[in-house]
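Data file: entry32.cif. Format and content: mmCIF, C-alpha atoms and all ligand atoms.
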data_coords
loop_
_atom_site.label_atom_id
_atom_site.label_comp_id
_atom_site.auth_asym_id
_atom_site.auth_seq_id
_atom_site.Cartn_x
_atom_site.Cartn_y
_atom_site.Cartn_z
CA MET A 6 46.34 83.87 -26.74
CA GLU A 7 44.91 82.45 -29.88
CA SER A 8 42.11 80.03 -29.08
CA LEU A 9 41.96 76.68 -30.82
CA GLN A 10 38.85 76.50 -32.98
CA LEU A 11 37.61 73.18 -34.45
CA ASP A 12 35.90 73.64 -37.74
CA LEU A 13 33.47 70.68 -37.91
CA ASN A 14 32.71 71.54 -41.50
CA ASP A 15 36.34 70.94 -42.43
CA PRO A 16 36.71 67.32 -43.79
CA THR A 17 40.34 67.11 -42.51
CA THR A 18 39.24 67.91 -38.95
CA LEU A 19 36.42 65.32 -39.15
CA ALA A 20 38.84 62.65 -40.39
CA ALA A 21 41.24 63.40 -37.50
CA ILE A 22 38.43 63.10 -34.88
CA ALA A 23 37.24 59.81 -36.41
CA ALA A 24 40.83 58.42 -36.29
CA VAL A 25 41.25 59.37 -32.59
CA VAL A 26 37.86 57.86 -31.58
CA GLY A 27 38.67 54.69 -33.57
CA LEU A 28 42.04 54.32 -31.81
CA ILE A 29 40.41 54.71 -28.36
CA LEU A 30 37.76 52.07 -29.17
CA LEU A 31 40.44 49.65 -30.49
CA GLY A 32 42.44 50.08 -27.27
CA ILE A 33 39.38 49.31 -25.11
CA LEU A 34 38.64 46.20 -27.19
CA ILE A 35 42.23 44.82 -26.93
CA GLY A 36 42.26 45.40 -23.16
CA PHE A 37 38.94 43.59 -22.76
CA VAL A 38 40.03 40.55 -24.79
CA ARG A 39 43.35 40.25 -22.88
CA GLY A 40 41.53 40.44 -19.55
CA ARG A 41 39.13 37.62 -20.61
CA LYS A 42 42.01 35.35 -21.69
CA LYS A 43 43.89 35.90 -18.43
CA ARG A 44 40.82 35.11 -16.33
CA ALA A 45 40.07 31.99 -18.37
CA ARG A 46 43.65 30.73 -17.89
CA SER A 47 43.53 31.18 -14.13
CA GLU A 48 40.24 29.22 -13.97
CA GLU A 49 41.32 26.32 -16.20
CA PRO A 50 42.84 23.83 -13.67
CA THR A 51 39.76 23.67 -11.42
CA PRO A 52 36.64 23.44 -13.51
CA THR A 53 33.55 23.99 -11.41
CA PRO A 54 30.99 21.18 -11.05
CA GLU A 55 28.65 23.30 -13.16
CA ALA A 56 31.29 23.50 -15.87
CA LEU A 57 31.66 19.71 -15.78
CA GLU A 58 27.90 19.39 -15.85
CA GLY A 59 27.89 21.47 -18.98
CA ASP A 60 30.38 18.99 -20.49
CA ARG A 61 28.10 16.01 -19.95
CA PRO A 62 25.97 14.64 -22.76
CA LYS A 63 22.62 16.29 -23.04
CA ILE A 64 19.71 13.91 -23.47
CA ARG A 65 17.04 15.06 -25.85
CA VAL A 66 13.69 13.38 -26.29
CA ASP A 67 12.02 12.79 -29.62
CA GLU A 68 8.36 13.48 -30.38
CA ARG A 69 7.31 10.20 -28.68
CA GLY A 70 9.22 11.11 -25.57
CA LYS A 71 11.96 8.56 -26.35
CA PRO A 72 15.34 9.78 -25.15
CA GLN A 73 17.76 10.66 -27.97
CA PRO A 74 21.48 11.03 -27.30
CA GLU A 75 23.59 13.73 -28.86
CA SER A 76 25.21 11.94 -31.76
CA THR A 77 28.66 13.39 -31.18
CA LEU A 78 28.85 12.42 -27.51
CA PRO A 79 30.41 9.09 -26.47
CA LEU A 80 27.83 8.21 -23.79
CA GLN A 81 24.75 6.52 -25.22
CA ILE A 82 21.34 6.44 -23.57
CA GLU A 83 21.69 2.66 -23.18
CA ASP A 84 24.50 3.37 -20.73
CA LEU A 85 22.06 5.19 -18.53
CA LEU A 86 19.36 2.52 -18.56
CA PRO A 87 19.59 -0.60 -16.37
CA GLY A 88 21.05 -3.30 -18.60
CA PRO A 89 20.40 -7.05 -18.38
CA PRO A 90 21.38 -8.23 -14.89
CA GLU A 91 24.42 -10.23 -15.99
CA ALA A 92 25.76 -7.73 -18.56
CA PRO A 93 29.25 -6.50 -17.72
CA ALA A 94 29.31 -2.77 -17.03
CA ALA A 95 30.35 -0.73 -20.07
CA PRO A 96 33.64 1.02 -19.39
CA ALA A 97 32.98 4.65 -18.60
CA PRO A 98 34.40 7.02 -21.19
CA VAL A 99 37.61 8.60 -19.96
CA ARG A 100 38.42 11.95 -21.52
CA GLU A 101 41.44 14.05 -21.00
CA GLY A 102 41.04 16.37 -18.09
CA ARG A 103 38.01 14.55 -16.69
CA VAL A 104 37.74 12.79 -13.38
CA THR A 105 38.43 9.04 -13.74
CA PRO A 106 35.45 7.05 -12.42
CA PRO A 107 36.06 4.69 -9.47
CA PRO A 108 36.64 1.01 -10.41
CA ALA A 109 33.50 -1.06 -10.96
CA PRO A 110 32.30 -2.74 -7.74
CA PRO A 111 32.32 -6.55 -7.52
CA ALA A 112 29.39 -8.26 -9.23
CA ASP A 113 26.06 -7.71 -7.51
CA LEU A 114 27.58 -5.68 -4.68
CA SER A 115 24.95 -2.98 -5.00
CA ALA A 116 22.17 -5.60 -5.06
CA PHE A 117 23.65 -7.20 -1.93
CA ARG A 118 23.83 -3.76 -0.31
CA THR A 119 20.16 -3.11 -0.99
CA GLY A 120 19.14 -6.60 0.10
CA LEU A 121 21.08 -6.35 3.35
CA GLU A 122 20.05 -2.84 4.30
CA SER A 123 17.83 -3.85 7.23
CA THR A 124 20.32 -6.42 8.47
CA ARG A 125 23.06 -3.80 8.46
CA GLY A 126 20.83 -1.60 10.58
CA ASN A 127 20.12 -4.38 13.06
CA LEU A 128 23.46 -6.15 13.24
CA ILE A 129 26.30 -4.05 11.90
CA SER A 130 25.26 -0.61 13.14
CA ARG A 131 24.71 -2.02 16.61
CA LEU A 132 28.06 -3.81 16.58
CA ALA A 133 29.67 -0.57 15.42
CA GLY A 134 28.07 1.05 18.47
CA VAL A 135 29.78 -1.51 20.70
CA PHE A 136 33.16 -1.00 19.01
CA ARG A 137 33.02 2.77 18.93
CA ARG A 138 36.37 4.38 18.36
CA GLY A 139 38.49 5.08 21.34
CA ARG A 140 36.76 2.54 23.52
CA GLU A 141 38.91 0.46 25.82
CA LEU A 142 38.79 -3.20 24.83
CA ASP A 143 38.00 -5.35 27.85
CA THR A 144 35.97 -8.49 28.42
CA SER A 145 32.81 -6.48 29.21
CA ILE A 146 32.65 -5.79 25.51
CA LEU A 147 32.07 -9.49 24.87
CA ASP A 148 28.75 -9.43 26.75
CA GLU A 149 27.56 -6.61 24.52
CA VAL A 150 28.68 -8.41 21.36
CA GLU A 151 26.85 -11.51 22.53
CA GLU A 152 23.64 -9.59 23.02
CA VAL A 153 23.80 -8.02 19.56
CA LEU A 154 24.55 -11.32 17.80
CA ILE A 155 21.81 -13.24 19.60
CA THR A 156 19.16 -10.61 18.96
CA ALA A 157 20.23 -10.37 15.30
CA ASP A 158 19.39 -14.07 14.81
CA VAL A 159 22.94 -15.27 14.36
CA GLY A 160 22.09 -18.13 16.75
CA VAL A 161 23.56 -19.32 20.03
CA HIS A 162 26.01 -21.79 18.49
CA THR A 163 27.56 -19.31 16.07
CA THR A 164 27.51 -16.44 18.56
CA GLU A 165 29.59 -18.61 20.89
CA ARG A 166 32.04 -19.33 18.06
CA VAL A 167 32.51 -15.62 17.33
CA LEU A 168 32.94 -14.78 21.03
CA GLU A 169 35.49 -17.55 21.45
CA ALA A 170 37.52 -16.16 18.56
CA LEU A 171 37.42 -12.67 20.09
CA ARG A 172 38.28 -13.96 23.55
CA THR A 173 41.27 -15.95 22.27
CA GLN A 174 42.65 -12.97 20.38
CA MET A 175 42.03 -10.63 23.29
CA ASN A 176 43.81 -12.92 25.75
CA GLY A 177 46.70 -13.32 23.32
CA GLY A 178 47.04 -9.53 23.21
CA ARG A 179 46.26 -9.43 19.49
CA LEU A 180 43.37 -6.98 19.78
CA SER A 181 44.60 -3.51 20.49
CA SER A 182 41.82 -1.40 19.00
CA ALA A 183 38.17 -1.45 18.04
CA ASP A 184 39.31 -1.80 14.42
CA ASP A 185 41.17 -5.01 15.30
CA ALA A 186 38.08 -6.44 16.98
CA TRP A 187 35.95 -5.42 14.00
CA ASP A 188 38.37 -7.16 11.65
CA ALA A 189 38.36 -10.25 13.85
CA ILE A 190 34.56 -10.53 13.61
CA ARG A 191 34.67 -10.03 9.87
CA GLU A 192 37.36 -12.72 9.57
CA GLU A 193 35.26 -15.16 11.58
CA ALA A 194 32.29 -14.48 9.27
CA ARG A 195 34.56 -15.05 6.28
CA SER A 196 35.75 -18.39 7.63
CA ILE A 197 32.12 -19.46 8.33
CA LEU A 198 31.10 -18.59 4.78
CA ALA A 199 34.28 -19.88 3.11
CA THR A 200 32.59 -22.92 1.57
CA SER A 201 29.69 -20.89 0.16
CA GLY A 202 29.53 -19.11 -3.16
CA LYS A 203 31.33 -21.76 -5.22
CA GLY A 204 28.48 -21.99 -7.75
CA LEU A 205 26.34 -24.91 -8.89
CA SER A 206 28.13 -27.38 -11.13
CA LEU A 207 26.11 -28.55 -14.11
CA GLY A 208 28.34 -31.34 -15.35
CA ALA A 209 26.14 -34.36 -16.00
CA THR A 210 23.26 -34.38 -18.48
CA PRO A 211 20.57 -34.12 -17.41
CA THR A 212 21.58 -32.36 -14.22
CA VAL A 213 18.76 -32.80 -11.72
CA ILE A 214 18.03 -30.16 -9.10
CA LEU A 215 15.50 -31.07 -6.44
CA VAL A 216 14.05 -28.01 -4.69
CA VAL A 217 12.68 -28.57 -1.19
CA GLY A 218 11.45 -26.46 1.71
CA VAL A 219 8.33 -25.73 3.76
CA ASN A 220 5.29 -24.00 2.35
CA GLY A 221 5.60 -20.36 1.37
CA VAL A 222 9.38 -20.02 1.64
CA GLY A 223 9.68 -19.27 -2.08
CA LYS A 224 10.44 -22.63 -3.76
CA THR A 225 8.32 -22.14 -6.87
CA THR A 226 9.42 -18.52 -7.27
CA THR A 227 13.05 -19.58 -6.89
CA ILE A 228 12.59 -22.28 -9.55
CA GLY A 229 11.17 -19.67 -11.94
CA LYS A 230 14.11 -17.35 -11.29
CA LEU A 231 16.62 -20.21 -11.64
CA ALA A 232 15.00 -21.35 -14.88
CA SER A 233 15.30 -17.86 -16.29
CA ARG A 234 18.97 -17.68 -15.26
CA PHE A 235 19.85 -21.05 -16.84
CA ASP A 236 17.80 -20.28 -19.93
CA ARG A 237 19.83 -17.09 -20.43
CA GLN A 238 22.95 -19.24 -20.16
CA GLY A 239 21.66 -21.26 -23.10
CA LYS A 240 20.71 -24.40 -21.15
CA SER A 241 17.74 -26.50 -22.19
CA LEU A 242 15.40 -27.12 -19.28
CA LEU A 243 12.41 -29.07 -18.06
CA LEU A 244 10.51 -28.08 -14.94
CA ALA A 245 8.79 -30.86 -12.98
CA ALA A 246 5.62 -29.86 -11.09
CA GLY A 247 6.25 -32.08 -8.08
CA ASP A 248 3.99 -30.12 -5.73
CA THR A 249 0.88 -32.06 -6.66
CA PHE A 250 -1.06 -31.29 -3.47
CA ARG A 251 -2.38 -27.98 -4.74
CA ALA A 252 -3.56 -27.30 -8.29
CA ALA A 253 -2.49 -23.66 -7.76
CA ALA A 254 1.12 -24.75 -7.24
CA VAL A 255 1.15 -26.44 -10.65
CA THR A 256 -0.45 -23.40 -12.29
CA GLN A 257 2.11 -21.10 -10.63
CA LEU A 258 4.96 -23.19 -12.08
CA GLU A 259 3.28 -23.19 -15.51
CA VAL A 260 3.12 -19.39 -15.43
CA TRP A 261 6.86 -19.29 -14.80
CA GLY A 262 7.41 -21.90 -17.54
CA ARG A 263 5.55 -19.72 -20.05
CA ARG A 264 7.40 -16.63 -18.94
CA VAL A 265 10.80 -18.27 -19.34
CA GLY A 266 9.77 -20.34 -22.36
CA CYS A 267 10.44 -23.80 -20.97
CA GLU A 268 8.29 -26.88 -20.72
CA VAL A 269 6.61 -27.96 -17.49
CA ILE A 270 5.96 -31.67 -16.87
CA LYS A 271 2.91 -32.20 -14.70
CA GLY A 272 0.78 -35.16 -13.68
CA LYS A 273 -2.92 -35.59 -13.33
CA ASP A 274 -4.62 -33.89 -10.39
CA ARG A 275 -3.17 -35.22 -7.11
CA ALA A 276 -0.74 -37.40 -9.02
CA ASP A 277 2.11 -39.05 -7.17
CA PRO A 278 4.94 -36.48 -7.09
CA GLY A 279 7.44 -39.30 -7.60
CA SER A 280 5.85 -40.29 -10.90
CA VAL A 281 5.90 -36.68 -12.17
CA ILE A 282 9.58 -36.29 -11.37
CA PHE A 283 10.36 -39.75 -12.78
CA ASP A 284 8.63 -38.81 -16.08
CA ALA A 285 10.46 -35.49 -16.26
CA ILE A 286 13.87 -37.14 -15.80
CA GLN A 287 13.04 -39.86 -18.33
CA SER A 288 11.88 -37.28 -20.85
CA ALA A 289 15.04 -35.17 -20.32
CA LYS A 290 17.23 -38.25 -20.86
CA ASP A 291 15.39 -39.19 -24.05
CA ARG A 292 15.62 -35.67 -25.47
CA GLY A 293 19.11 -34.72 -24.30
CA ILE A 294 17.85 -31.88 -22.10
CA ASP A 295 20.54 -30.24 -19.94
CA LEU A 296 18.64 -29.60 -16.75
CA VAL A 297 15.59 -30.77 -14.78
CA ILE A 298 14.45 -28.58 -11.89
CA ALA A 299 11.86 -30.31 -9.71
CA ASP A 300 9.38 -28.50 -7.46
CA THR A 301 8.15 -30.34 -4.37
CA ALA A 302 5.38 -29.93 -1.81
CA GLY A 303 6.16 -28.16 1.44
CA ARG A 304 3.62 -29.19 3.99
CA LEU A 305 4.46 -28.32 7.55
CA HIS A 306 7.83 -29.73 8.40
CA THR A 307 6.59 -30.97 11.75
CA LYS A 308 4.41 -33.55 9.96
CA VAL A 309 6.56 -36.63 9.61
CA PRO A 310 4.86 -37.85 6.40
CA LEU A 311 6.43 -34.95 4.42
CA MET A 312 9.87 -36.12 5.38
CA ASP A 313 8.96 -39.70 4.44
CA GLU A 314 7.67 -38.38 1.14
CA LEU A 315 10.93 -36.56 0.49
CA LYS A 316 13.01 -39.63 1.27
CA LYS A 317 10.87 -41.56 -1.22
CA LEU A 318 11.37 -38.80 -3.83
CA GLY A 319 15.12 -39.07 -3.35
CA ARG A 320 14.95 -42.79 -4.12
CA THR A 321 12.77 -42.16 -7.18
CA VAL A 322 15.26 -39.67 -8.63
CA GLU A 323 18.05 -42.20 -8.10
CA LYS A 324 16.04 -44.89 -9.89
CA ALA A 325 15.27 -42.64 -12.88
CA LEU A 326 18.71 -41.07 -13.12
CA GLY A 327 20.97 -43.91 -12.06
CA ARG A 328 22.52 -41.65 -9.39
CA PRO A 329 21.16 -39.39 -6.64
CA ALA A 330 19.90 -35.89 -7.52
CA ASP A 331 22.89 -33.73 -8.46
CA HIS A 332 21.73 -30.91 -6.21
CA VAL A 333 19.19 -30.81 -3.41
CA LEU A 334 18.50 -27.13 -2.80
CA LEU A 335 16.80 -26.30 0.46
CA VAL A 336 14.90 -23.04 0.31
CA LEU A 337 14.74 -21.16 3.62
CA ASP A 338 12.94 -17.91 4.36
CA ALA A 339 15.28 -15.44 6.10
CA THR A 340 12.35 -13.69 7.80
CA THR A 341 11.76 -16.80 9.92
CA GLY A 342 15.12 -16.36 11.66
CA GLN A 343 15.97 -19.17 14.05
CA ASN A 344 13.15 -21.30 12.68
CA ALA A 345 15.06 -21.56 9.42
CA ILE A 346 17.97 -23.18 11.29
CA GLN A 347 15.59 -25.79 12.73
CA GLN A 348 13.99 -26.46 9.34
CA ALA A 349 17.41 -27.13 7.88
CA GLN A 350 18.00 -29.79 10.53
CA LEU A 351 14.80 -31.68 9.61
CA PHE A 352 15.36 -31.55 5.85
CA LYS A 353 18.94 -32.69 6.23
CA GLU A 354 17.72 -35.78 8.04
CA ALA A 355 15.49 -36.67 5.07
CA LEU A 356 17.74 -35.78 2.13
CA PRO A 357 21.39 -34.99 1.42
CA VAL A 358 20.83 -31.22 1.21
CA SER A 359 23.66 -29.87 -0.94
CA GLY A 360 22.96 -26.16 -0.90
CA ILE A 361 20.74 -23.47 0.54
CA VAL A 362 18.74 -20.73 -1.09
CA LEU A 363 17.99 -18.02 1.46
CA THR A 364 15.01 -15.99 0.29
CA LYS A 365 13.39 -12.74 1.41
CA LEU A 366 16.59 -11.17 2.70
CA ASP A 367 15.13 -7.91 1.45
CA GLY A 368 13.18 -6.16 4.12
CA THR A 369 14.27 -8.42 6.99
CA ALA A 370 16.67 -7.48 9.76
CA LYS A 371 17.31 -11.17 10.39
CA GLY A 372 19.98 -11.63 7.72
CA GLY A 373 22.47 -12.59 10.43
CA VAL A 374 20.78 -15.98 10.36
CA ILE A 375 22.84 -16.78 7.27
CA LEU A 376 25.91 -17.20 9.51
CA GLY A 377 24.03 -19.49 11.88
CA ILE A 378 22.64 -21.68 9.08
CA VAL A 379 25.97 -22.24 7.36
CA ASP A 380 27.96 -22.62 10.55
CA GLN A 381 25.57 -25.02 12.20
CA HIS A 382 24.68 -27.16 9.20
CA GLN A 383 27.86 -26.93 7.15
CA VAL A 384 25.81 -26.55 3.97
CA PRO A 385 26.82 -23.79 1.54
CA ILE A 386 24.55 -20.93 0.57
CA GLU A 387 24.11 -21.11 -3.21
CA PHE A 388 21.68 -18.26 -3.89
CA ILE A 389 20.01 -15.44 -2.02
CA GLY A 390 16.60 -13.99 -2.81
CA ILE A 391 16.37 -10.24 -2.42
CA GLY A 392 12.98 -9.55 -4.00
CA GLU A 393 10.16 -11.02 -6.02
CA LYS A 394 11.35 -10.10 -9.50
CA VAL A 395 13.11 -12.56 -11.78
CA GLU A 396 16.45 -10.76 -11.43
CA ASP A 397 16.23 -10.78 -7.64
CA LEU A 398 17.86 -14.18 -7.21
CA LYS A 399 21.61 -13.72 -6.86
CA PRO A 400 24.33 -16.37 -6.77
CA PHE A 401 25.86 -16.07 -3.35
CA ALA A 402 29.31 -14.47 -3.42
CA THR A 403 31.10 -14.51 -0.07
CA GLU A 404 33.33 -11.49 -0.62
CA ALA A 405 30.58 -9.27 -2.03
CA PHE A 406 28.31 -10.36 0.81
CA LEU A 407 30.94 -9.51 3.47
CA GLU A 408 31.70 -6.24 1.74
CA ALA A 409 28.03 -5.28 1.66
CA LEU A 410 27.50 -6.28 5.27
CA PHE A 411 30.66 -4.99 6.94
CA GLU A 412 31.72 -2.24 4.56
CA SER A 413 32.62 1.28 5.51
CA PRO A 414 35.00 1.72 8.38
CA GLU A 415 32.87 4.82 9.10
CA ALA A 416 30.61 2.32 10.77
CA LEU A 417 33.10 2.66 13.59
CA GLU A 418 33.34 6.40 13.13
CA PRO A 419 30.43 8.04 14.93
CA ALA A 420 31.94 7.93 18.41
CA GLU A 421 29.71 10.57 20.01
CA GLU A 422 26.62 9.41 18.18
CA ALA A 423 27.20 5.79 19.18
CA GLN A 424 27.87 6.77 22.77
CA SER A 425 24.71 8.77 22.98
CA LEU A 426 22.74 5.82 21.59
CA ALA A 427 24.37 3.31 23.94
N1 LIG A 501 10.34 -10.21 -0.89
C1 LIG A 501 10.58 -11.44 -1.38
N2 LIG A 501 9.57 -12.27 -1.64
C2 LIG A 501 9.84 -13.49 -2.13
C3 LIG A 501 11.18 -13.92 -2.37
N3 LIG A 501 11.10 -15.18 -2.84
C4 LIG A 501 9.80 -15.53 -2.89
N4 LIG A 501 9.01 -14.52 -2.46
C5 LIG A 501 7.55 -14.48 -2.32
O1 LIG A 501 7.14 -15.45 -1.36
C6 LIG A 501 5.84 -15.92 -1.66
C7 LIG A 501 5.80 -17.44 -1.64
O2 LIG A 501 6.56 -17.94 -2.72
P1 LIG A 501 6.33 -19.36 -3.39
O3 LIG A 501 7.34 -19.50 -4.44
O4 LIG A 501 4.92 -19.55 -3.79
O5 LIG A 501 6.66 -20.32 -2.16
P2 LIG A 501 6.58 -21.92 -2.07
O6 LIG A 501 5.29 -22.24 -1.36
O7 LIG A 501 7.76 -22.33 -1.27
O8 LIG A 501 6.62 -22.45 -3.47
C8 LIG A 501 5.49 -15.34 -3.03
O9 LIG A 501 4.64 -14.24 -2.84
C9 LIG A 501 6.83 -14.88 -3.58
O10 LIG A 501 6.71 -13.81 -4.48
C10 LIG A 501 12.25 -13.00 -2.07
O11 LIG A 501 13.44 -13.27 -2.22
N5 LIG A 501 11.88 -11.77 -1.58
MG MG A 502 5.27 -23.65 -4.47
#
Write the structure described by the file as structure tokens, please.
Amino acid sequence: MESLQLDLNDPTTLAAIAAVVGLILLGILIGFVRGRKKRARSEEPTPTPEALEGDRPKIRVDERGKPQPESTLPLQIEDLLPGPPEAPAAPAPVREGRVTPPPAPPADLSAFRTGLESTRGNLISRLAGVFRRGRELDTSILDEVEEVLITADVGVHTTERVLEALRTQMNGGRLSSADDAWDAIREEARSILATSGKGLSLGATPTVILVVGVNGVGKTTTIGKLASRFDRQGKSLLLAAGDTFRAAAVTQLEVWGRRVGCEVIKGKDRADPGSVIFDAIQSAKDRGIDLVIADTAGRLHTKVPLMDELKKLGRTVEKALGRPADHVLLVLDATTGQNAIQQAQLFKEALPVSGIVLTKLDGTAKGGVILGIVDQHQVPIEFIGIGEKVEDLKPFATEAFLEALFESPEALEPAEEAQSLA
């Protein structure tokens, strides 16, 4: 048999070998590309989180460390920084094939959540323990609810109201599950707070807000925060340094005045608070100023002279303004619990308290007191204080408050956990 010899010196043979090798390489390349395309298609509908991550805007920093956004990407760095407290949230960019973000929460909901964290732990988590899923609803449950509400500073009067509502519904056969009972409590809280959160009306000029409360509850701080809020709304303001007992109180108000950029009317050392407030109202009338916010002294509420002083101040405002103060805001410190309910009683006897500012809700587990205050005194909550910073005064919003306090049906979820804690 004649053997096949390849002559590698023959140019025709070399050309044939090169053509065969080229064809083989081309085939491998086509197969590889087809395989890649097929794999990519099968992965398309479910992009991995990492793939989505890769799609997000990258934030670069410049030489001074200032973040610089990618110019072609829709999300700007401003979107990632906390904006001014009242600014509406920028709509999140929606791109084809991307997950649509959940709807924006009601105003201040996240601030309410943070401010009510301890109260949720003390009141809501414990109530959730009582109403654990699967539990038979009988009257023994009412004793447990009572204990939780009383120890969470809701107050005897309001606790009784909530229990009565539960009892009535239970006897009428309208509570068939823990969820029903949970809803019933939430409804009762909603009806207690129904008159709150309507907002301060600033109709007349000048509108006069008298701020009262015992020492240390946060009156001056609240005035500073309010001034900043109204200033941002474009209102012209005068602050009246009506706490003339302590020079430091006047200085504290002046610091806030400088910070906000509004004038503070003060008297001479130990001046009569009435004369300071009278002057401030007169000056506001002469100059067409929108708003006067008056600070007052807060000696111990048990000393009768303070209440006499406040009654006198009320009459002075009426004389200067030609009508009573438009708003008398009573500042109460949530950390004082039941004491705050008693303070409200005394101040109401001296002045027509029109609204309540409940401060220091942050870091206290006694937030349940809010229900007791409103229920017992029938005075609406206007603002809540959830920190010391200027943006930490929030207009009270009933629905956001209830949502922050009672949210998450999972509160009722942890049946085994709750049982083991009980
Ligand atoms: N954590 C917290 N502290 C507050 C709040 N409001 C006021 N404070 C603080 O309470 C203290 C007393 O406040 P101040 O305005 O001087 O009370 P006043 O005596 O009633 O005028 C200050 O240290 C404030 O910073 C609040 O909502 N939360
Ligand atoms: Mg003060």
Find the smallest box with edges along x, y and z containing every listed atom of ligand LIG 501 (chain A), then add 6 Å on each side and report centre and edge lengths in Å to one decimal, as JSON.
{"center_x": 9.0, "center_y": -16.3, "center_z": -2.7, "size_x": 20.8, "size_y": 24.2, "size_z": 15.6}
Neighbourhood of ligand MG 502 (chain A) at 12 Å, counting all atoms listed in the file, reported as a PyMOL selection string: chain A and resi 216-229+245-261+299-304+336
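Residues in contact with segment 350-363 of chain A at 8 Å, where all atoms listed in the file are counted and same-chain residues fewer than 4 positions away are skipped, are listed as Gly218, His306, Met312, Asp313, Leu315, Lys316, Gly319, His332, Val333, Leu334, Leu335, Val336, Leu337, Asp338, Ala339, Ile346, Ile375, His382, Val384, Pro385, Ile386, Glu387, Phe388, Ile389 and Gly390 of chain A.
Computed from the coordinates, the atom CA of Ile197 of chain A to atom CA of Thr163 of chain A distance equals 9.0 Å.
Among A:Glu122, A:Glu412, A:Asp185, A:Asp367, the residue with the shortest atom-to-atom distance to ligand LIG 501 (chain A), counting only C-alpha atoms and all ligand atoms, is A:Asp367.
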Counting only C-alpha atoms, the option among A:Ala285, A:Ala183, A:Lys230, A:Asp295 closest to Glu393 of chain A: A:Lys230
Residues near Phe136 of chain A, cut-off 8 Å, all atoms listed in the file, skip fewer than 5 positions along chain, as a PyMOL selection string: chain A and resi 183-184+186-187+417
Interatomic distance, atom CA of Phe401 of chain A to atom CA of Val135 of chain A (Å, one decimal): 28.4 Å
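With only C-alpha atoms and all ligand atoms as the basis for measurement, A:Lys365 is the residue among A:Lys317, A:Lys399, A:Arg179, A:Lys365 that approaches ligand LIG 501 (chain A) most closely.
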Best match for closeness to Leu168 of chain A among A:Leu180, A:Ala325, A:Ile282, A:Leu147, counting all atoms listed in the file: A:Leu147
Which of A:Val322, A:Ala330, A:Leu142, A:Leu114 sits closest to Glu408 of chain A [using all atoms listed in the file]: A:Leu114
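Among the candidates A:Val297, A:Leu198, A:Val269, A:Leu171, the residue lying nearest to Phe235 of chain A is A:Val297 (atoms considered: all atoms listed in the file).
Note that atom CA of Val374 of chain A and atom CA of Gly177 of chain A are 29.1 Å apart.
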Answer as JSON, numbers by chain, residues within 6 Å of (27.7, -11.9, 15.0) using all atoms listed in the file: {"A": [154, 159, 164]}
